[in-house]
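K.L.:
Compact mmCIF, C-alpha atoms, file run11.txt:
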```txt
# COMPACT_ATOMS: atom_id res chain seq x y z
CA MET A 276 4.38 -184.87 -19.04
CA SER A 277 0.79 -183.78 -18.82
CA ALA A 278 -0.33 -180.30 -19.94
CA PRO A 279 -1.23 -177.84 -17.17
CA THR A 280 -4.94 -177.38 -16.60
CA LEU A 281 -6.40 -173.88 -16.85
CA THR A 282 -8.94 -172.94 -14.20
CA ARG A 283 -11.40 -170.09 -14.67
CA PRO A 284 -11.19 -167.53 -11.86
CA ALA A 285 -14.16 -167.49 -9.57
CA ALA A 286 -16.77 -164.80 -10.35
CA PRO A 287 -16.91 -162.01 -7.81
CA ALA A 288 -19.75 -162.22 -5.36
CA PRO A 289 -22.70 -159.90 -6.16
CA PRO A 290 -22.82 -156.79 -3.98
CA SER A 291 -25.10 -156.97 -1.03
CA ARG A 292 -28.39 -155.16 -1.50
CA ALA A 293 -29.07 -154.84 2.20
CA PRO A 294 -27.51 -151.37 2.61
CA VAL A 295 -29.38 -150.11 -0.47
CA ARG A 296 -32.65 -151.45 0.84
CA GLY A 297 -31.90 -149.91 4.23
CA ARG A 298 -31.27 -146.51 2.73
CA ARG A 299 -34.45 -146.71 0.65
CA GLY A 300 -36.46 -147.73 3.69
CA GLY A 301 -35.06 -144.86 5.74
CA LEU A 302 -35.80 -142.39 2.94
CA ALA A 303 -39.36 -143.68 2.67
CA TRP A 304 -39.90 -143.24 6.40
CA PHE A 305 -38.47 -139.73 6.18
CA TRP A 306 -40.99 -138.72 3.50
CA VAL A 307 -43.83 -140.36 5.41
CA VAL A 308 -42.97 -138.34 8.51
CA ALA A 309 -42.43 -135.17 6.47
CA VAL A 310 -45.93 -135.49 5.00
CA VAL A 311 -47.87 -136.89 7.96
CA VAL A 312 -46.62 -134.45 10.63
CA PRO A 313 -47.69 -131.24 8.80
CA LEU A 314 -51.02 -132.79 7.83
CA ALA A 315 -51.62 -133.88 11.43
CA PHE A 316 -50.73 -130.39 12.66
CA LEU A 317 -53.15 -128.74 10.21
CA GLY A 318 -55.85 -131.24 11.02
CA LEU A 319 -55.48 -130.81 14.79
CA PHE A 320 -55.07 -127.04 15.05
CA PHE A 321 -56.98 -125.80 11.97
CA ALA A 322 -59.41 -128.28 10.45
CA TRP A 323 -60.73 -129.74 13.70
CA PRO A 324 -61.65 -126.38 15.36
CA VAL A 325 -63.31 -125.18 12.14
CA VAL A 326 -65.29 -128.40 11.72
CA ALA A 327 -66.24 -128.36 15.41
CA MET A 328 -67.54 -124.79 15.24
CA ILE A 329 -69.45 -125.37 12.03
CA SER A 330 -70.96 -128.60 13.31
CA ARG A 331 -72.13 -126.94 16.52
CA GLY A 332 -73.68 -124.13 14.55
CA PHE A 333 -75.38 -126.21 11.88
CA VAL A 334 -76.27 -129.45 13.67
CA VAL A 335 -79.39 -129.24 15.83
CA ASP A 336 -80.69 -132.35 17.61
CA GLY A 337 -78.49 -134.54 15.45
CA SER A 338 -79.77 -133.20 12.11
CA LEU A 339 -78.33 -130.64 9.71
CA ASP A 340 -79.99 -127.24 9.97
CA LEU A 341 -78.96 -124.56 7.42
CA SER A 342 -81.63 -122.05 8.39
CA GLY A 343 -78.90 -120.04 10.09
CA PHE A 344 -77.79 -118.64 6.73
CA ALA A 345 -81.18 -117.02 6.12
CA ASP A 346 -81.31 -115.75 9.69
CA VAL A 347 -77.80 -114.26 9.72
CA PHE A 348 -78.03 -112.70 6.26
CA SER A 349 -81.35 -111.12 7.11
CA ARG A 350 -79.62 -108.95 9.73
CA PRO A 351 -78.46 -105.49 8.64
CA ARG A 352 -75.47 -105.91 10.96
CA THR A 353 -74.17 -108.81 8.86
CA TRP A 354 -74.25 -106.86 5.61
CA ARG A 355 -72.57 -103.90 7.31
CA ILE A 356 -69.77 -106.17 8.56
CA VAL A 357 -69.30 -107.82 5.15
CA GLY A 358 -69.30 -104.43 3.43
CA LEU A 359 -66.73 -103.01 5.86
CA THR A 360 -64.52 -106.07 5.38
CA ILE A 361 -64.53 -105.75 1.60
CA LEU A 362 -64.12 -101.97 1.76
CA GLN A 363 -61.15 -102.07 4.13
CA ALA A 364 -59.42 -104.85 2.21
CA THR A 365 -60.02 -103.26 -1.19
CA VAL A 366 -58.84 -99.77 -0.24
CA ALA A 367 -55.81 -101.05 1.68
CA THR A 368 -54.85 -103.37 -1.19
CA THR A 369 -55.14 -100.57 -3.74
CA ILE A 370 -52.97 -98.20 -1.71
CA ALA A 371 -50.41 -100.91 -0.96
CA VAL A 372 -50.08 -101.74 -4.67
CA LEU A 373 -49.83 -98.09 -5.72
CA LEU A 374 -47.11 -97.47 -3.14
CA GLY A 375 -45.42 -100.83 -3.53
CA ILE A 376 -44.69 -100.65 -7.27
CA PRO A 377 -42.48 -97.53 -6.98
CA GLY A 378 -40.87 -99.08 -3.90
CA ALA A 379 -40.13 -102.26 -5.84
CA TYR A 380 -38.49 -100.20 -8.59
CA VAL A 381 -36.25 -98.33 -6.16
CA LEU A 382 -35.29 -101.37 -4.07
CA TYR A 383 -34.91 -103.99 -6.80
CA ARG A 384 -34.24 -102.16 -10.06
CA ARG A 385 -31.86 -99.43 -8.94
CA ARG A 386 -28.45 -99.94 -7.35
CA TRP A 387 -27.37 -97.68 -4.50
CA ARG A 388 -25.53 -97.93 -1.23
CA GLY A 389 -27.58 -99.24 1.67
CA ARG A 390 -30.19 -100.93 -0.51
CA ALA A 391 -29.94 -104.27 1.31
CA PHE A 392 -30.49 -102.59 4.67
CA VAL A 393 -33.58 -100.75 3.43
CA ARG A 394 -34.94 -104.00 1.95
CA ALA A 395 -34.66 -105.65 5.35
CA LEU A 396 -36.17 -102.60 7.05
CA VAL A 397 -39.20 -102.67 4.75
CA THR A 398 -39.86 -106.29 5.73
CA VAL A 399 -39.87 -105.60 9.48
CA PRO A 400 -43.53 -104.43 9.74
CA PHE A 401 -44.79 -107.64 8.13
CA VAL A 402 -43.22 -109.80 10.85
CA LEU A 403 -44.30 -107.63 13.79
CA PRO A 404 -47.17 -108.86 16.00
CA THR A 405 -50.47 -107.24 15.12
CA VAL A 406 -51.04 -106.18 18.71
CA VAL A 407 -47.74 -104.29 18.76
CA VAL A 408 -48.56 -102.43 15.54
CA GLY A 409 -52.09 -101.68 16.69
CA VAL A 410 -50.94 -100.28 20.02
CA ALA A 411 -48.18 -98.26 18.31
CA PHE A 412 -50.63 -96.68 15.86
CA ARG A 413 -53.09 -96.02 18.68
CA SER A 414 -50.43 -94.26 20.75
CA LEU A 415 -49.57 -92.05 17.76
CA LEU A 416 -53.15 -91.13 16.87
CA VAL A 417 -54.74 -90.85 20.29
CA SER A 418 -55.55 -87.42 21.65
CA GLY A 419 -52.33 -86.03 23.10
CA GLY A 420 -50.14 -88.23 20.87
CA PRO A 421 -47.72 -86.99 18.22
CA LEU A 422 -50.40 -87.23 15.51
CA GLY A 423 -53.40 -86.57 17.69
CA PHE A 424 -54.13 -83.31 15.88
CA LEU A 425 -55.25 -85.37 12.86
CA HIS A 426 -58.20 -86.75 14.88
CA LEU A 427 -57.88 -90.18 13.25
CA ASP A 428 -58.15 -92.28 16.40
CA GLY A 429 -60.88 -94.89 16.04
CA THR A 430 -61.49 -94.14 12.36
CA LEU A 431 -61.47 -96.23 9.22
CA VAL A 432 -58.47 -94.26 7.94
CA ALA A 433 -56.36 -95.44 10.89
CA ILE A 434 -57.23 -99.07 10.20
CA ILE A 435 -56.41 -98.78 6.51
CA ALA A 436 -53.11 -97.03 7.29
CA ALA A 437 -52.12 -99.85 9.63
CA LEU A 438 -53.08 -102.52 7.08
CA VAL A 439 -51.00 -100.78 4.40
CA PHE A 440 -48.12 -100.53 6.87
CA PHE A 441 -48.32 -104.28 7.42
CA ASP A 442 -48.68 -105.47 3.83
CA TYR A 443 -46.54 -102.97 1.93
CA ALA A 444 -43.63 -105.41 2.06
CA VAL A 445 -45.69 -108.11 0.32
CA VAL A 446 -46.05 -105.96 -2.80
CA VAL A 447 -42.48 -104.69 -2.71
CA ARG A 448 -40.94 -108.15 -2.44
CA GLY A 449 -43.40 -109.87 -4.77
CA VAL A 450 -43.19 -107.32 -7.58
CA GLY A 451 -39.55 -106.44 -6.96
CA GLY A 452 -38.39 -110.03 -7.18
CA MET A 453 -39.83 -110.38 -10.68
CA TRP A 454 -38.75 -106.88 -11.73
CA GLU A 455 -35.18 -107.70 -10.76
CA ARG A 456 -35.19 -110.70 -13.12
CA LEU A 457 -36.69 -108.91 -16.13
CA ASP A 458 -34.50 -108.48 -19.19
CA PRO A 459 -34.03 -104.70 -19.63
CA ARG A 460 -33.37 -105.03 -23.36
CA ALA A 461 -37.07 -105.03 -24.27
CA GLU A 462 -37.64 -101.69 -22.57
CA GLN A 463 -34.39 -100.33 -24.02
CA ALA A 464 -35.55 -101.33 -27.52
CA ALA A 465 -38.84 -99.51 -27.00
CA ARG A 466 -36.97 -96.41 -25.87
CA ALA A 467 -34.66 -96.65 -28.90
CA LEU A 468 -37.73 -96.75 -31.17
CA GLY A 469 -38.92 -93.44 -29.74
CA ALA A 470 -41.19 -94.44 -26.87
CA SER A 471 -41.25 -92.16 -23.85
CA PRO A 472 -40.22 -93.62 -20.46
CA TRP A 473 -43.87 -93.79 -19.34
CA ARG A 474 -45.02 -95.43 -22.57
CA ALA A 475 -42.19 -97.97 -22.46
CA PHE A 476 -43.12 -98.82 -18.88
CA ARG A 477 -46.85 -99.03 -19.68
CA THR A 478 -46.52 -101.14 -22.84
CA VAL A 479 -43.47 -103.30 -22.08
CA THR A 480 -42.62 -103.51 -18.39
CA LEU A 481 -46.08 -103.36 -16.82
CA PRO A 482 -47.52 -106.31 -18.80
CA ALA A 483 -44.52 -108.39 -17.75
CA LEU A 484 -45.10 -107.46 -14.11
CA THR A 485 -48.84 -108.09 -14.19
CA PRO A 486 -48.69 -111.67 -12.81
CA ALA A 487 -46.57 -110.53 -9.85
CA ILE A 488 -48.80 -107.52 -9.22
CA ALA A 489 -51.97 -109.61 -9.35
CA SER A 490 -50.51 -112.29 -7.11
CA SER A 491 -49.26 -109.77 -4.54
CA ALA A 492 -52.58 -107.91 -4.58
CA SER A 493 -54.48 -111.15 -3.97
CA LEU A 494 -52.31 -111.98 -0.97
CA VAL A 495 -52.61 -108.46 0.44
CA PHE A 496 -56.39 -108.60 0.06
CA LEU A 497 -56.39 -111.95 1.88
CA PHE A 498 -54.31 -110.58 4.76
CA CYS A 499 -56.45 -107.44 5.03
CA ALA A 500 -59.75 -109.32 4.89
CA THR A 501 -58.64 -111.65 7.70
CA ALA A 502 -57.03 -108.99 9.92
CA PHE A 503 -58.08 -109.27 13.55
CA GLY A 504 -55.83 -107.63 16.15
CA THR A 505 -55.19 -104.41 14.25
CA VAL A 506 -58.86 -103.89 13.41
CA LEU A 507 -60.01 -104.67 16.95
CA ILE A 508 -57.51 -102.29 18.58
CA LEU A 509 -57.86 -99.38 16.18
CA GLY A 510 -61.53 -99.64 15.24
CA GLY A 511 -63.19 -101.59 18.00
CA LEU A 512 -66.65 -102.89 17.21
CA GLN A 513 -67.56 -99.84 15.15
CA PHE A 514 -65.42 -100.88 12.18
CA GLY A 515 -65.40 -104.63 12.70
CA THR A 516 -64.68 -107.20 10.02
CA ILE A 517 -65.88 -110.76 9.55
CA GLU A 518 -62.91 -111.94 11.60
CA THR A 519 -63.72 -109.74 14.58
CA GLU A 520 -67.45 -110.42 14.24
CA ILE A 521 -66.85 -114.17 14.59
CA TRP A 522 -65.06 -113.44 17.85
CA VAL A 523 -67.85 -111.14 19.05
CA GLN A 524 -70.61 -113.62 18.20
CA THR A 525 -68.72 -116.44 19.93
CA THR A 526 -67.46 -114.76 23.09
CA GLN A 527 -70.03 -112.03 23.79
CA PHE A 528 -73.32 -113.11 22.22
CA LEU A 529 -72.67 -116.88 22.48
CA ASP A 530 -74.30 -117.24 19.06
CA LEU A 531 -72.41 -120.18 17.59
CA ARG A 532 -74.77 -120.45 14.65
CA ALA A 533 -74.00 -116.91 13.49
CA ALA A 534 -70.29 -117.52 14.07
CA ALA A 535 -70.49 -120.69 11.98
CA VAL A 536 -72.22 -118.87 9.11
CA LEU A 537 -69.62 -116.10 9.17
CA SER A 538 -66.85 -118.71 9.29
CA VAL A 539 -68.18 -120.20 6.06
CA VAL A 540 -68.25 -116.72 4.50
CA GLN A 541 -64.67 -116.19 5.65
CA LEU A 542 -63.59 -119.52 4.15
CA VAL A 543 -65.19 -118.55 0.83
CA ILE A 544 -63.29 -115.24 0.79
CA VAL A 545 -60.02 -116.98 1.64
CA GLY A 546 -60.61 -119.62 -1.05
CA VAL A 547 -61.35 -117.01 -3.71
CA ALA A 548 -58.26 -114.97 -2.78
CA LEU A 549 -56.00 -118.04 -2.83
CA THR A 550 -57.44 -119.18 -6.17
CA LEU A 551 -56.82 -115.76 -7.74
CA ALA A 552 -53.29 -115.69 -6.32
CA GLY A 553 -52.55 -119.15 -7.71
CA ARG A 554 -53.85 -118.30 -11.16
CA ALA A 555 -51.92 -115.04 -11.18
CA ARG A 556 -48.68 -116.85 -10.33
CA ALA A 557 -49.36 -119.40 -13.07
```
Rewrite the coordinates I just gave you, this time as structure tokens.
P.N.:
Amino acid sequence: MSAPTLTRPAAPAPPSRAPVRGRRGGLAWFWVVAVVVPLAFLGLFFAWPVVAMISRGFVVDGSLDLSGFADVFSRPRTWRIVGLTILQATVATTIAVLLGIPGAYVLYRRRWRGRAFVRALVTVPFVLPTVVVGVAFRSLLVSGGPLGFLHLDGTLVAIIAALVFFDYAVVVRGVGGMWERLDPRAEQAARALGASPWRAFRTVTLPALTPAIASSASLVFLFCATAFGTVLILGGLQFGTIETEIWVQTTQFLDLRAAAVLSVVQLVIVGVALTLAGRARA
């Protein structure tokens, strides 16, 4: 009688890699679309109009002509516009920061009933259309309006008030978000060692909030320096900014070279503000 033969069981078949490759391919296409579509949108609706305007202003008879910079910056009107832009943005940013820090403390550091509703209410002005805010302020300040006795219609004060109204939420949310996450034990230790509330805030809390304050101030300055609708409605051409001057030079004077020069100046201001905001966040 012969001994039974032992047979080794067959090895299981390796799993198919087709579904894995299919999922990887679909994920790759998803990321390609997610990157290409925003870049195409920015290129079509932002980069291309800017490049087209600059090229029309600086290219004469097929050659590059940068003499427009000397011509535009030799005009007193240009320096007045640049000065007004910096003045409006600086004053509005300063006021927004000075008012926003106490607001951040009340809305993010203290607990009280209705706080969430007030947080949402503070954000409403930032999402309103600029034309709506400009018309609303104009109706309040115009002669015969509720605040007409202040005689602020068509003044620089009205523009700055509207800019602060817009960008107050940027400071409150930017500073308040960091303030809410701060460990209170450092300030409590300073108070326990005899520091007054103001000294504890100045030496402990304020340095910790400095990155958020600087970042919020940079963004507010950027928004104020590039304001268009509010400035045009409340100030007209008397208190114009670089943004409104580009529109005036393009639509009324048909001076594309001056508009191109001012566009470059505007891009420089935006780049500086974004760089400062990025470094402050870092």
K.L.:
Show me, as a list in words, the residues that have an atom within 9 Å of Leu427 of chain A when counting all atoms listed in the file, minus same-chain residues fewer than 6 positions from it.
P.N.:
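So the residues in contact are Leu416, Val417 and Ala433 of chain A.
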K.L.:
Output C-alpha atoms for every residue in that selection, as a JSON list (two decimals), keeping the file's coordinate frame.
P.N.:
```
[["chain", "number", "residue", "atom", "x", "y", "z"],
["A", 416, "LEU", "CA", -53.15, -91.13, 16.87],
["A", 417, "VAL", "CA", -54.74, -90.85, 20.29],
["A", 433, "ALA", "CA", -56.36, -95.44, 10.89]]
```
K.L.:
Applying 12 Å and only C-alpha atoms, which residues near Ala487 of chain A remain after dropping the ones on its own chain fewer than 4 positions away? List them as an NGL selection string.
P.N.:
:A and (372 or 375-376 or 379 or 445-457 or 480-483 or 491-494 or 551-557)
K.L.:
What are the closest atom pairs, with distances in Å to one decimal, for all residues of segment 407-472 of chain A lying within 12 Å of segment 356-364 of chain A? Consider all atoms listed in the file, order rows by chain and residue number, and present the result as JSON lines.
P.N.:
```
{"residue": "A:Thr430", "atom": "CA", "partner": "A:Gln363", "partner_atom": "CA", "distance": 11.4}
{"residue": "A:Leu431", "atom": "CA", "partner": "A:Gln363", "partner_atom": "CA", "distance": 7.8}
{"residue": "A:Val432", "atom": "CA", "partner": "A:Gln363", "partner_atom": "CA", "distance": 9.1}
{"residue": "A:Ala433", "atom": "CA", "partner": "A:Gln363", "partner_atom": "CA", "distance": 10.6}
{"residue": "A:Ile434", "atom": "CA", "partner": "A:Gln363", "partner_atom": "CA", "distance": 7.8}
{"residue": "A:Ile435", "atom": "CA", "partner": "A:Gln363", "partner_atom": "CA", "distance": 6.2}
{"residue": "A:Ala436", "atom": "CA", "partner": "A:Gln363", "partner_atom": "CA", "distance": 10.0}
{"residue": "A:Ala437", "atom": "CA", "partner": "A:Gln363", "partner_atom": "CA", "distance": 10.8}
{"residue": "A:Leu438", "atom": "CA", "partner": "A:Ala364", "partner_atom": "CA", "distance": 8.3}
{"residue": "A:Val439", "atom": "CA", "partner": "A:Ala364", "partner_atom": "CA", "distance": 9.6}
{"residue": "A:Asp442", "atom": "CA", "partner": "A:Ala364", "partner_atom": "CA", "distance": 10.9}
```
K.L.:
Could you check which of A:Phe496, A:Phe503, A:Phe514, A:Tyr380 is closest to Phe476 of chain A, using all atoms listed in the file?
P.N.:
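Among the listed residues, A:Tyr380 lies closest to Phe476 of chain A.
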K.L.:
Rounded to one decimal, what separation in Å do you get between atom CA of Gly318 of chain A and atom CA of Phe528 of chain A?
P.N.:
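Between these atoms lies a distance of 27.6 Å.
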K.L.:
Expressed in Å to a single decimal, how great is the separation between atom CA of Ala461 of chain A and atom CA of Gly389 of chain A?
P.N.:
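Taking atom CA of Ala461 of chain A and atom CA of Gly389 of chain A, their separation equals 28.2 Å.
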K.L.:
Which residue out of A:Ser349, A:Ser414, A:Thr478, A:Gln541 has the minimum interatomic distance to Thr516 of chain A when only C-alpha atoms are used?
P.N.:
A:Gln541
K.L.:
Please measure the separation of atom CA of Ile508 of chain A and atom CA of Gly409 of chain A, giving the value in Å to one decimal.
P.N.:
5.8 Å
K.L.:
Could you check which of A:Ala470, A:Leu509, A:Val540, A:Ala391 is closest to Ile521 of chain A, using all atoms listed in the file?
P.N.:
A:Val540
K.L.:
Point out the residue among A:Gly378, A:Gly504, A:Ala534, A:Leu512 with the least atom-to-atom distance to Arg394 of chain A, counting only C-alpha atoms.
P.N.:
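Comparing A:Gly378, A:Gly504, A:Ala534, A:Leu512 against Arg394 of chain A, the winner is A:Gly378.
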K.L.:
Which of these residues is nearest to Phe412 of chain A, using all atoms listed in the file: A:Phe424, A:Phe498, A:Phe440, A:Phe321?
P.N.:
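Nearest to Phe412 of chain A: A:Phe440.
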K.L.:
Have a look at A:Ala322, A:Ala465, A:Leu317, A:Ala502 and name the one nearest to Arg477 of chain A; count only C-alpha atoms.
P.N.:
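For Arg477 of chain A, the nearest of the candidates is A:Ala465.
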K.L.:
Compile the contact shell of Phe441 of chain A as a ChimeraX atom specification: residues with an atom at most 10 Å away, counting only C-alpha atoms, same-chain residues fewer than 2 positions apart removed.
P.N.:
/A:367,371,397-405,408,435-439,443-445,495,498-499,505
K.L.:
Include C-alpha atoms and write out the residues we just selected as a tab-separated table (two decimals), in the coordinates of the input.
P.N.:
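To be explicit, this is the file written out as out_12.tsv:
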```tsv
chain	number	residue	atom	x	y	z
A	367	ALA	CA	-55.81	-101.05	1.68
A	371	ALA	CA	-50.41	-100.91	-0.96
A	397	VAL	CA	-39.20	-102.67	4.75
A	398	THR	CA	-39.86	-106.29	5.73
A	399	VAL	CA	-39.87	-105.60	9.48
A	400	PRO	CA	-43.53	-104.43	9.74
A	401	PHE	CA	-44.79	-107.64	8.13
A	402	VAL	CA	-43.22	-109.80	10.85
A	403	LEU	CA	-44.30	-107.63	13.79
A	404	PRO	CA	-47.17	-108.86	16.00
A	405	THR	CA	-50.47	-107.24	15.12
A	408	VAL	CA	-48.56	-102.43	15.54
A	435	ILE	CA	-56.41	-98.78	6.51
A	436	ALA	CA	-53.11	-97.03	7.29
A	437	ALA	CA	-52.12	-99.85	9.63
A	438	LEU	CA	-53.08	-102.52	7.08
A	439	VAL	CA	-51.00	-100.78	4.40
A	443	TYR	CA	-46.54	-102.97	1.93
A	444	ALA	CA	-43.63	-105.41	2.06
A	445	VAL	CA	-45.69	-108.11	0.32
A	495	VAL	CA	-52.61	-108.46	0.44
A	498	PHE	CA	-54.31	-110.58	4.76
A	499	CYS	CA	-56.45	-107.44	5.03
A	505	THR	CA	-55.19	-104.41	14.25
```
